[in-house]
Amino acid sequence: MKIQCDWCNNSNVIVTSDTVYWKLPDGSRAIEIKETPTQHCCDCNMIYQSERIVKEIEDQLFLIDCKHIGKVITYDDLMKKPRLLKRNYFDFSS
């Protein structure tokens, strides 16, 4: 399945991984998330995370105890952290 770039709508997109920086929900600090699924458009040169990945990260950070996360974590390790709730009950978008 071809992925279409969210910025230029061309389909010359490569799925890769990259490091991103994310502010914790309480605003106390930012963390570095390595090996995050990333899309790179070879036409417009934009590098970004899909809406699905952004939502997964934001939900996970909202649902775990962020005090146990260091300054750097991999995406997979972040997603494996045990949640305090099953899902984000404050998300009314779905």
# chains A, B, ... in the order shown; residues from 1 in each chain; ligands from 1

$ closest_atom_pairs --of "segment 5-26 of chain A" --to "segment 64-88 of chain A" --cutoff "10 Å" --atoms "only C-alpha atoms" --output "Markdown table"
| residue | atom | partner | partner_atom | distance |
| --- | --- | --- | --- | --- |
| A:Ser17 | CA | A:Tyr75 | CA | 9.5 |
| A:Asp18 | CA | A:Tyr75 | CA | 9.7 |
| A:Thr19 | CA | A:Thr74 | CA | 8.6 |
| A:Val20 | CA | A:Tyr75 | CA | 9.4 |
| A:Tyr21 | CA | A:Val72 | CA | 9.2 |
| A:Leu24 | CA | A:Cys66 | CA | 7.5 |
| A:Pro25 | CA | A:Cys66 | CA | 8.8 |
| A:Asp26 | CA | A:Cys66 | CA | 9.1 |

$ write_last_selection --atoms "C-alpha atoms" --output "compact mmCIF listing (two decimals), in the first residue's frame"
# COMPACT_ATOMS: atom_id res chain seq x y z
CA SER A 17 12.43 5.41 12.16
CA ASP A 18 13.86 8.51 13.76
CA THR A 19 14.35 10.26 17.07
CA VAL A 20 11.60 12.62 18.25
CA TYR A 21 11.23 14.86 21.27
CA LEU A 24 5.17 15.08 28.90
CA PRO A 25 1.44 15.67 29.54
CA ASP A 26 2.11 17.43 32.85

$ atom_distance --atom1 "atom CA of Gln49 of chain A" --atom2 "atom CA of Phe62 of chain A"
18.1 Å

$ select_by_dssp --residues "chain A" --states "alpha helix (DSSP H)" --output "list of chain:residue names"
A:Glu51, A:Arg52, A:Ile53, A:Val54, A:Lys55, A:Glu56, A:Ile57, A:Glu58, A:Asp59, A:Gln60, A:Leu61, A:Phe62, A:Leu63, A:Tyr75, A:Asp76, A:Asp77, A:Leu78, A:Met79, A:Lys80

$ residues_around --residues "Ile3 of chain A" --least-positions-apart "2" --cutoff "9 Å" --atoms "only C-alpha atoms" --output "ChimeraX atom specification"
/A:1,5,10-15,39

$ write_last_selection --atoms "N, CA and C atoms" --output "mmCIF file, in the first residue's frame"
data_model
loop_
_atom_site.group_PDB
_atom_site.id
_atom_site.type_symbol
_atom_site.label_atom_id
_atom_site.label_comp_id
_atom_site.auth_asym_id
_atom_site.auth_seq_id
_atom_site.Cartn_x
_atom_site.Cartn_y
_atom_site.Cartn_z
ATOM 1 N N MET A 1 0.828 -1.169 0.000
ATOM 2 C CA MET A 1 0.000 0.000 0.000
ATOM 3 C C MET A 1 0.881 1.245 0.000
ATOM 4 N N CYS A 5 1.975 11.490 1.174
ATOM 5 C CA CYS A 5 2.545 12.505 2.057
ATOM 6 C C CYS A 5 1.444 13.434 2.567
ATOM 7 N N ASN A 10 2.084 13.700 -2.471
ATOM 8 C CA ASN A 10 2.743 12.761 -3.373
ATOM 9 C C ASN A 10 2.934 11.429 -2.672
ATOM 10 N N SER A 11 3.181 10.394 -3.436
ATOM 11 C CA SER A 11 3.282 9.055 -2.841
ATOM 12 C C SER A 11 4.714 8.526 -2.796
ATOM 13 N N ASN A 12 5.677 9.391 -2.846
ATOM 14 C CA ASN A 12 7.077 9.006 -2.782
ATOM 15 C C ASN A 12 7.549 9.072 -1.326
ATOM 16 N N VAL A 13 6.913 8.249 -0.474
ATOM 17 C CA VAL A 13 7.144 8.287 0.967
ATOM 18 C C VAL A 13 7.821 6.990 1.418
ATOM 19 N N ILE A 14 8.828 7.153 2.238
ATOM 20 C CA ILE A 14 9.546 6.015 2.824
ATOM 21 C C ILE A 14 9.198 5.951 4.308
ATOM 22 N N VAL A 15 8.869 4.767 4.787
ATOM 23 C CA VAL A 15 8.630 4.566 6.218
ATOM 24 C C VAL A 15 9.959 4.167 6.843
ATOM 25 N N GLN A 39 7.692 8.912 8.797
ATOM 26 C CA GLN A 39 7.502 8.951 7.349
ATOM 27 C C GLN A 39 8.396 10.042 6.783
#

$ residues_around --residues "Asn9 of chain A" --least-positions-apart "6" --cutoff "10 Å" --atoms "only C-alpha atoms" --output "list in words"
Ile3, Cys41, Asp43 and Cys44 of chain A

$ write_last_selection --atoms "N, CA and C atoms" --output "PDB file, in the first residue's frame"
ATOM      1  N   ILE A   3       1.829   5.045   0.634  1.00  0.00           N
ATOM      2  CA  ILE A   3       1.501   6.076   1.612  1.00  0.00           C
ATOM      3  C   ILE A   3       1.578   7.425   0.910  1.00  0.00           C
ATOM      4  N   CYS A  41       9.093  11.985   3.182  1.00  0.00           N
ATOM      5  CA  CYS A  41       8.684  12.226   1.801  1.00  0.00           C
ATOM      6  C   CYS A  41       9.913  12.618   0.996  1.00  0.00           C
ATOM      7  N   ASP A  43       9.877  13.711  -2.010  1.00  0.00           N
ATOM      8  CA  ASP A  43       9.566  14.824  -2.911  1.00  0.00           C
ATOM      9  C   ASP A  43       9.680  16.176  -2.211  1.00  0.00           C
ATOM     10  N   CYS A  44       9.026  16.343  -1.074  1.00  0.00           N
ATOM     11  CA  CYS A  44       9.057  17.645  -0.374  1.00  0.00           C
ATOM     12  C   CYS A  44      10.036  17.647   0.797  1.00  0.00           C
TER      13      CYS A  44
END

$ atom_distance --atom1 "atom CA of Ser93 of chain A" --atom2 "atom CA of Glu58 of chain A"
13.4 Å

$ select_by_dssp --residues "segment 11-92 of chain A" --states "strand (DSSP E or B)" --output "short mmCIF file (atom, residue, chain, number, x, y, z; two decimals) with N, CA and C atoms, in the first residue's frame"
data_model
loop_
_atom_site.label_atom_id
_atom_site.label_comp_id
_atom_site.auth_asym_id
_atom_site.auth_seq_id
_atom_site.Cartn_x
_atom_site.Cartn_y
_atom_site.Cartn_z
N VAL A 13 6.91 8.25 -0.47
CA VAL A 13 7.14 8.29 0.97
C VAL A 13 7.82 6.99 1.42
N ILE A 14 8.83 7.15 2.24
CA ILE A 14 9.55 6.02 2.82
C ILE A 14 9.20 5.95 4.31
N VAL A 15 8.87 4.77 4.79
CA VAL A 15 8.63 4.57 6.22
C VAL A 15 9.96 4.17 6.84
N THR A 16 10.35 4.90 7.86
CA THR A 16 11.63 4.68 8.50
C THR A 16 11.45 4.88 10.01
N SER A 17 12.53 5.06 10.74
CA SER A 17 12.43 5.41 12.16
C SER A 17 13.39 6.55 12.43
N ASP A 18 13.05 7.33 13.45
CA ASP A 18 13.86 8.51 13.76
C ASP A 18 13.68 8.85 15.23
N THR A 19 14.46 9.78 15.71
CA THR A 19 14.35 10.26 17.07
C THR A 19 13.42 11.47 17.09
N VAL A 20 12.50 11.49 18.07
CA VAL A 20 11.60 12.62 18.25
C VAL A 20 11.70 13.09 19.69
N TYR A 21 11.22 14.29 19.93
CA TYR A 21 11.23 14.86 21.27
C TYR A 21 9.80 15.19 21.63
N TRP A 22 9.39 14.79 22.84
CA TRP A 22 8.00 14.93 23.24
C TRP A 22 7.89 15.53 24.62
N LYS A 23 7.00 16.48 24.76
CA LYS A 23 6.73 17.08 26.06
C LYS A 23 5.77 16.18 26.81
N ALA A 30 10.65 17.38 28.77
CA ALA A 30 10.53 16.71 27.47
C ALA A 30 11.42 15.47 27.51
N ILE A 31 11.06 14.48 26.71
CA ILE A 31 11.86 13.27 26.62
C ILE A 31 12.25 13.03 25.16
N GLU A 32 13.27 12.24 24.98
CA GLU A 32 13.73 11.84 23.66
C GLU A 32 13.21 10.42 23.41
N ILE A 33 12.50 10.23 22.32
CA ILE A 33 11.97 8.91 21.97
C ILE A 33 12.69 8.45 20.71
N LYS A 34 13.54 7.45 20.87
CA LYS A 34 14.33 6.94 19.74
C LYS A 34 13.55 5.86 18.99
N GLU A 35 13.94 5.66 17.74
CA GLU A 35 13.39 4.60 16.88
C GLU A 35 11.87 4.71 16.72
N THR A 36 11.38 5.94 16.60
CA THR A 36 9.95 6.19 16.43
C THR A 36 9.58 6.01 14.96
N PRO A 37 8.52 5.26 14.66
CA PRO A 37 8.08 5.13 13.26
C PRO A 37 7.86 6.51 12.64
N THR A 38 8.47 6.72 11.50
CA THR A 38 8.51 8.04 10.88
C THR A 38 8.28 7.90 9.38
N GLN A 39 7.69 8.91 8.80
CA GLN A 39 7.50 8.95 7.35
C GLN A 39 8.40 10.04 6.78
N HIS A 40 9.08 9.71 5.68
CA HIS A 40 9.96 10.67 5.03
C HIS A 40 9.53 10.78 3.57
N CYS A 41 9.09 11.99 3.18
CA CYS A 41 8.68 12.23 1.80
C CYS A 41 9.91 12.62 1.00
N ILE A 47 9.78 15.23 7.09
CA ILE A 47 9.95 14.06 7.95
C ILE A 47 8.98 14.25 9.10
N TYR A 48 8.07 13.29 9.28
CA TYR A 48 7.01 13.47 10.27
C TYR A 48 6.47 12.12 10.72
N VAL A 72 15.65 9.49 27.97
CA VAL A 72 15.66 8.85 26.65
C VAL A 72 15.00 7.49 26.76
N ILE A 73 14.17 7.15 25.77
CA ILE A 73 13.50 5.85 25.72
C ILE A 73 13.25 5.50 24.26
N THR A 74 13.19 4.23 23.94
CA THR A 74 12.83 3.85 22.58
C THR A 74 11.31 3.81 22.47
#

$ atom_distance --atom1 "atom CA of Asp6 of chain A" --atom2 "atom CA of Ile57 of chain A"
18.6 Å

$ closest_residue --among "A:Ser50, A:Asn45, A:Gln60, A:Ser28" --to "Cys8 of chain A" --atoms "only C-alpha atoms"
A:Asn45
